[in-house]
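Everything below belongs to model_15.txt, which stores compact mmCIF, C-alpha atoms.
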# COMPACT_ATOMS: atom_id res chain seq x y z
CA MET A 1 -1.64 -29.15 -5.63
CA GLY A 2 1.28 -27.24 -7.13
CA GLY A 3 3.17 -24.54 -5.26
CA ALA A 4 3.18 -20.85 -6.13
CA GLU A 5 5.39 -19.59 -8.93
CA PRO A 6 8.80 -18.60 -7.50
CA ALA A 7 8.24 -14.93 -8.37
CA LEU A 8 4.92 -14.95 -6.51
CA ALA A 9 6.05 -17.04 -3.55
CA GLU A 10 5.89 -15.92 0.06
CA VAL A 11 9.29 -15.23 1.59
CA ASP A 12 10.35 -16.05 5.15
CA ARG A 13 13.80 -14.45 5.17
CA LEU A 14 14.23 -10.70 5.51
CA PRO A 15 17.40 -8.79 4.69
CA GLY A 16 19.57 -8.40 7.77
CA TRP A 17 18.92 -4.65 7.87
CA VAL A 18 15.11 -5.02 7.95
CA SER A 19 12.96 -6.17 10.85
CA LEU A 20 9.19 -6.51 11.23
CA LEU A 21 6.99 -5.56 14.17
CA ARG A 22 3.38 -6.49 13.46
CA ALA A 23 0.72 -4.37 15.16
CA PRO A 24 -1.92 -6.18 17.26
CA ASN A 25 -4.81 -5.10 15.02
CA PRO A 26 -5.83 -8.16 13.00
CA GLY A 27 -9.12 -8.12 11.12
CA PRO A 28 -10.84 -8.64 7.77
CA MET A 29 -9.30 -5.43 6.36
CA THR A 30 -5.90 -5.61 8.08
CA LEU A 31 -5.22 -9.36 7.70
CA ASP A 32 -2.76 -10.37 10.45
CA GLY A 33 -2.27 -6.73 11.45
CA THR A 34 -0.37 -3.73 10.16
CA ASN A 35 3.26 -4.41 9.27
CA THR A 36 5.60 -1.88 10.86
CA TRP A 37 9.04 -2.04 9.25
CA ILE A 38 12.29 -0.99 10.92
CA LEU A 39 15.33 -0.38 8.72
CA ARG A 40 18.85 -0.04 10.06
CA ALA A 41 21.96 -0.30 7.90
CA PRO A 42 24.79 -2.37 9.42
CA GLY A 43 26.72 -0.23 11.88
CA ALA A 44 24.38 2.78 11.50
CA GLU A 45 23.43 4.79 14.57
CA TYR A 46 19.97 5.76 13.35
CA ALA A 47 17.17 3.59 11.97
CA THR A 48 14.07 4.43 9.93
CA VAL A 49 10.55 3.22 10.69
CA VAL A 50 7.89 2.73 8.01
CA ASP A 51 4.21 2.87 9.08
CA PRO A 52 4.01 2.94 12.90
CA GLY A 53 0.47 1.57 12.74
CA PRO A 54 -2.40 2.18 15.18
CA LEU A 55 -2.33 4.08 18.47
CA ASP A 56 -1.38 1.09 20.60
CA GLU A 57 1.00 1.95 23.45
CA GLY A 58 2.53 -1.51 23.65
CA HIS A 59 3.27 -1.63 19.93
CA LEU A 60 4.66 1.91 19.89
CA SER A 61 6.87 1.16 22.89
CA ARG A 62 8.34 -1.86 21.10
CA ILE A 63 9.11 0.34 18.10
CA ALA A 64 10.70 3.03 20.27
CA GLU A 65 12.93 0.45 22.00
CA GLN A 66 14.64 -0.23 18.67
CA GLY A 67 15.60 3.43 18.17
CA PRO A 68 17.11 5.94 17.83
CA TYR A 69 15.45 6.90 14.53
CA GLN A 70 16.27 9.38 11.81
CA PHE A 71 12.64 9.73 10.75
CA ILE A 72 9.24 8.05 10.58
CA LEU A 73 7.92 7.34 7.08
CA ILE A 74 4.24 6.97 6.15
CA THR A 75 3.01 5.12 3.05
CA HIS A 76 -0.50 6.64 3.21
CA GLY A 77 -2.92 8.24 5.61
CA HIS A 78 -5.25 5.41 6.64
CA HIS A 79 -5.49 5.20 10.43
CA ASP A 80 -4.13 1.67 10.70
CA HIS A 81 -0.83 2.97 9.29
CA VAL A 82 -0.55 6.50 10.64
CA GLU A 83 -2.66 6.75 13.81
CA GLY A 84 0.27 6.00 16.13
CA ALA A 85 2.81 8.18 14.35
CA GLU A 86 2.41 11.34 16.41
CA ARG A 87 2.58 9.46 19.69
CA LEU A 88 5.68 7.57 18.49
CA SER A 89 7.31 10.88 17.59
CA GLU A 90 6.60 12.10 21.12
CA LEU A 91 8.13 8.96 22.62
CA LEU A 92 11.23 9.58 20.51
CA GLY A 93 11.59 13.22 21.47
CA GLY A 94 10.12 14.79 18.35
CA VAL A 95 11.47 12.66 15.50
CA ALA A 96 10.21 13.92 12.12
CA ILE A 97 7.16 12.25 10.53
CA LEU A 98 7.36 12.38 6.72
CA ALA A 99 4.34 11.68 4.50
CA ALA A 100 3.02 12.82 1.13
CA ASP A 101 0.02 14.48 2.79
CA PRO A 102 1.05 17.53 4.85
CA ALA A 103 -1.71 16.70 7.34
CA HIS A 104 0.32 13.72 8.57
CA CYS A 105 3.73 15.44 8.73
CA ARG A 106 5.36 16.62 11.93
CA HIS A 107 8.73 18.36 12.29
CA GLY A 108 9.45 17.89 8.59
CA GLU A 109 8.37 18.77 5.06
CA PRO A 110 5.95 16.63 2.98
CA LEU A 111 7.50 14.01 0.76
CA ASP A 112 7.95 15.12 -2.84
CA PRO A 113 7.06 12.52 -5.48
CA ASP A 114 10.18 10.72 -6.64
CA GLU A 115 12.55 12.40 -4.20
CA SER A 116 15.38 10.48 -2.56
CA LEU A 117 16.18 10.37 1.13
CA GLY A 118 19.71 9.42 2.08
CA GLY A 119 21.81 8.99 5.16
CA ASN A 120 22.68 6.33 7.70
CA GLY A 121 23.58 3.79 5.05
CA LEU A 122 20.16 3.72 3.36
CA GLU A 123 19.11 5.17 0.02
CA ILE A 124 15.33 5.67 0.03
CA GLN A 125 13.47 6.63 -3.15
CA VAL A 126 9.89 7.85 -2.84
CA LEU A 127 7.64 6.47 -5.58
CA ASP A 128 4.38 8.31 -6.23
CA THR A 129 1.78 5.52 -6.45
CA PRO A 130 -1.69 7.03 -5.97
CA GLY A 131 -4.84 4.97 -6.32
CA HIS A 132 -5.49 3.13 -3.08
CA THR A 133 -5.51 6.67 -1.69
CA LEU A 134 -4.56 9.97 -3.26
CA ASP A 135 -1.50 10.21 -0.99
CA SER A 136 -0.19 6.64 -1.41
CA VAL A 137 3.55 6.25 -1.95
CA CYS A 138 5.92 3.30 -2.02
CA PHE A 139 9.51 3.32 -0.81
CA LEU A 140 12.29 1.71 -2.82
CA VAL A 141 15.14 1.22 -0.35
CA GLU A 142 18.69 0.16 -1.17
CA CYS A 143 21.29 -0.93 1.36
CA GLU A 144 24.64 -2.51 0.51
CA GLY A 145 23.52 -3.24 -3.04
CA GLU A 146 20.24 -4.93 -2.06
CA ARG A 147 16.90 -3.32 -2.98
CA VAL A 148 13.46 -3.86 -1.42
CA MET A 149 10.09 -2.22 -2.02
CA PHE A 150 7.73 -1.13 0.76
CA THR A 151 4.29 -1.04 -0.86
CA GLY A 152 1.97 -0.04 1.99
CA ASP A 153 -1.53 -0.97 0.84
CA THR A 154 -0.84 -0.44 -2.87
CA ILE A 155 -0.04 -4.16 -3.08
CA LEU A 156 -0.71 -6.52 -0.19
CA GLY A 157 1.12 -9.72 0.65
CA ARG A 158 -2.16 -11.66 0.50
CA GLY A 159 -5.48 -10.87 -1.16
CA THR A 160 -6.33 -7.69 -3.02
CA THR A 161 -6.44 -4.00 -2.16
CA VAL A 162 -9.59 -1.95 -1.79
CA VAL A 163 -9.77 1.12 -4.00
CA ALA A 164 -12.56 3.14 -2.44
CA ALA A 165 -13.98 6.29 -4.01
CA PRO A 166 -13.66 9.19 -3.52
CA ASP A 167 -10.17 9.07 -1.96
CA GLY A 168 -9.27 6.02 -4.00
CA ASP A 169 -9.12 6.30 -7.78
CA LEU A 170 -8.99 3.22 -9.98
CA SER A 171 -7.55 4.96 -13.04
CA SER A 172 -4.62 6.22 -10.96
CA TYR A 173 -4.29 2.83 -9.30
CA LEU A 174 -3.92 1.00 -12.61
CA SER A 175 -1.20 3.45 -13.62
CA SER A 176 0.60 2.86 -10.32
CA LEU A 177 0.52 -0.90 -10.85
CA GLU A 178 2.01 -0.37 -14.30
CA ARG A 179 4.81 1.62 -12.71
CA LEU A 180 5.57 -1.08 -10.14
CA ARG A 181 5.83 -3.69 -12.90
CA ALA A 182 9.28 -2.23 -13.64
CA TYR A 183 10.78 -3.60 -10.40
CA GLU A 184 11.57 -7.19 -11.29
CA ASN A 185 13.13 -9.40 -8.63
CA VAL A 186 12.81 -6.68 -6.00
CA LEU A 187 11.62 -8.09 -2.68
CA MET A 188 8.15 -6.73 -1.80
CA LEU A 189 7.41 -5.82 1.83
CA PRO A 190 3.72 -4.88 2.12
CA GLY A 191 1.67 -3.04 4.72
CA HIS A 192 -0.29 -6.23 5.47
CA GLY A 193 0.41 -9.89 4.86
CA PRO A 194 3.59 -11.80 4.06
CA VAL A 195 6.70 -10.68 2.21
CA ARG A 196 6.69 -11.65 -1.46
CA ALA A 197 9.58 -12.45 -3.76
CA ASP A 198 9.04 -10.09 -6.71
CA THR A 199 7.34 -6.70 -6.76
CA ALA A 200 6.90 -6.74 -10.54
CA ALA A 201 5.27 -10.19 -10.54
CA LEU A 202 2.75 -9.14 -7.88
CA ALA A 203 2.02 -5.88 -9.70
CA THR A 204 1.34 -7.85 -12.89
CA GLU A 205 -0.91 -10.28 -11.01
CA TYR A 206 -2.83 -7.38 -9.48
CA LEU A 207 -3.16 -5.63 -12.81
CA ASN A 208 -4.47 -8.74 -14.56
CA HIS A 209 -6.98 -9.27 -11.75
CA ARG A 210 -8.23 -5.68 -12.02
CA ILE A 211 -8.64 -5.91 -15.78
CA GLU A 212 -10.58 -9.17 -15.41
CA ARG A 213 -12.77 -7.66 -12.70
CA LEU A 214 -13.47 -4.57 -14.79
CA ALA A 215 -14.68 -6.80 -17.62
CA GLN A 216 -17.10 -8.45 -15.19
CA VAL A 217 -18.35 -5.09 -13.92
CA ARG A 218 -18.72 -3.80 -17.48
CA ALA A 219 -20.86 -6.85 -18.31
CA ALA A 220 -22.96 -6.36 -15.15
CA MET A 221 -23.56 -2.72 -16.04
CA ALA A 222 -24.52 -3.69 -19.59
CA ALA A 223 -27.06 -6.10 -18.07
CA GLY A 224 -28.61 -3.30 -16.03
CA ALA A 225 -26.60 -3.04 -12.80
CA ARG A 226 -26.17 0.67 -12.14
CA THR A 227 -25.34 1.00 -8.45
CA PRO A 228 -22.46 -0.40 -6.40
CA GLU A 229 -24.92 -2.57 -4.49
CA ALA A 230 -26.31 -4.06 -7.70
CA VAL A 231 -22.84 -4.65 -9.13
CA VAL A 232 -21.73 -6.45 -5.96
CA ASP A 233 -24.82 -8.70 -6.15
CA VAL A 234 -23.75 -9.79 -9.64
CA VAL A 235 -19.95 -9.77 -9.50
CA TYR A 236 -19.34 -10.75 -5.86
CA PRO A 237 -22.25 -13.14 -5.16
CA ASP A 238 -20.43 -15.04 -2.40
CA ILE A 239 -18.92 -12.03 -0.63
CA ASP A 240 -18.31 -12.35 3.10
CA PRO A 241 -20.93 -10.09 4.75
CA ARG A 242 -18.21 -8.67 7.00
CA VAL A 243 -16.44 -7.09 4.02
CA ARG A 244 -19.39 -6.40 1.72
CA PHE A 245 -19.01 -2.68 2.44
CA ALA A 246 -15.48 -2.83 1.03
CA ALA A 247 -16.72 -4.58 -2.11
CA GLU A 248 -19.29 -1.82 -2.56
CA TRP A 249 -16.55 0.79 -2.20
CA SER A 250 -14.54 -1.02 -4.87
CA ALA A 251 -17.60 -1.31 -7.11
CA ALA A 252 -18.17 2.45 -6.85
CA ALA A 253 -14.58 3.06 -7.97
CA GLN A 254 -14.98 0.57 -10.83
CA ILE A 255 -18.21 2.21 -12.01
CA GLU A 256 -16.57 5.64 -11.89
CA HIS A 257 -13.58 4.37 -13.89
CA LEU A 258 -15.76 2.75 -16.56
CA ASN A 259 -18.04 5.79 -16.83
CA ARG A 260 -14.99 8.00 -17.24
CA GLU A 261 -13.58 5.64 -19.86
CA SER A 262 -16.91 5.63 -21.72
CA ALA A 263 -17.15 9.42 -21.62
CA ALA A 264 -13.60 9.76 -22.93
CA GLY A 265 -14.42 7.41 -25.79
CA ALA A 266 -17.59 9.31 -26.67
CA ASP A 267 -15.67 12.58 -26.55
CA GLY A 268 -13.13 11.15 -28.96
CA LEU A 269 -15.88 10.18 -31.37
CA ASP A 270 -17.40 13.64 -31.13
CA ARG A 271 -14.11 15.14 -32.22
CA LEU A 272 -13.84 12.98 -35.35
Show this structure as structure tokens.
Amino acid sequence: MGGAEPALAEVDRLPGWVSLLRAPNPGPMTLDGTNTWILRAPGAEYATVVDPGPLDEGHLSRIAEQGPYQFILITHGHHDHVEGAERLSELLGGVAILAADPAHCRHGEPLDPDESLGGNGLEIQVLDTPGHTLDSVCFLVECEGERVMFTGDTILGRGTTVVAAPDGDLSSYLSSLERLRAYENVLMLPGHGPVRADTAALATEYLNHRIERLAQVRAAMAAGARTPEAVVDVVYPDIDPRVRFAAEWSAAAQIEHLNRESAAGADGLDRL
């Protein structure tokens, strides 16, 4: 059996200014657990934490021990990424929590799409990447000439991401994957699963998978499948019962995308 392509390979080595604390919340949807990332430039007083994870006192205490922190960054508002953020801020004496959704911010303003956050030896660019959720962002971080991409759940280190309607939107998600294809040879540090060698390569792999899956769903709908449950029966016949609900969420988003695509095409014909 051949190994993975170098661009798609798992990576064991992290940059010296990045460390990983994995939350103790493994499961079918979280893989080995939520990846909490701690970033500290060489010689810098303050660090930055990305995605504190669930409300687990032991995990949050381990994060706090590696402070002090400039701020807490959130990739998106799912509980396995953000639930512990407010408690962590308390442990740290009120450190700002910054997210795209104002509901998850504390002691700071919401992140603006495509803004840059500087200071303490890090340059952090916020990339607006909706789709997995409406508020999903990625963080492109540069330190001493080295760039890495924190993708949250937009791209995972293993497996595929659920895009669940109504908060998830497949049309937006495909556009976000197209955007991430621009970051060739940028190390990808996901919200779950292992680090991968090339953000662009994973984005391309994800995009190709989605296009292939949409073709299967389109064929199932043409054959009479009209509900998410019916589409899952056809397209995901061997689905693990533990995650069937997630497949049905994805199927609902796929159906919505294809119906929207069909309506747009019909509208175009009407205008001819």
- Task: Do a neighbour search on Leu258 (chain A) at 12 Å with all atoms listed in the file, toss out local chain neighbours closer than 6 positions, and write the hits as an MDAnalysis selection string.
- Result: chainID A and resid 169:171 211 213:222 226 251:252 264:265
- Can you tell me how far CA of Gly16 (chain A) sits from CA of Cys143 (chain A), in Å to one decimal?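 Computing it gives 10.0 Å between the two atoms.
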- Query: Of the residues A:Tyr206, A:Gly53, A:Leu39, A:Glu212, which is the one nearest to Pro26 (chain A), using all atoms listed in the file?
  - Reply: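 Of A:Tyr206, A:Gly53, A:Leu39, A:Glu212, the one nearest Pro26 (chain A) is A:Gly53, counting all atoms listed in the file.
Separating CA of Arg158 (chain A) from CA of Gly193 (chain A) is a distance of 5.4 Å.
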- Item | Gap from CA of Thr36 (chain A) to CA of Arg87 (chain A) - Å, one decimal |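 Interatomic distance, CA of Thr36 (chain A) to CA of Arg87 (chain A): 14.7 Å.
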- Message: Just checking: using only C-alpha atoms, which residue out of A:Ala44, A:Leu111, A:Leu31, A:Val232 ends up closest to Leu156 (chain A)?
- Response: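 When distances to Leu156 (chain A) are compared using only C-alpha atoms, the smallest one comes from A:Leu31.
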- May I ask which of the residues A:Glu178, A:Arg106, A:Asp233, A:Ala164 is the closest one to Gln254 (chain A), counting all atoms listed in the file?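 Comparing A:Glu178, A:Arg106, A:Asp233, A:Ala164 against Gln254 (chain A), the winner is A:Ala164.
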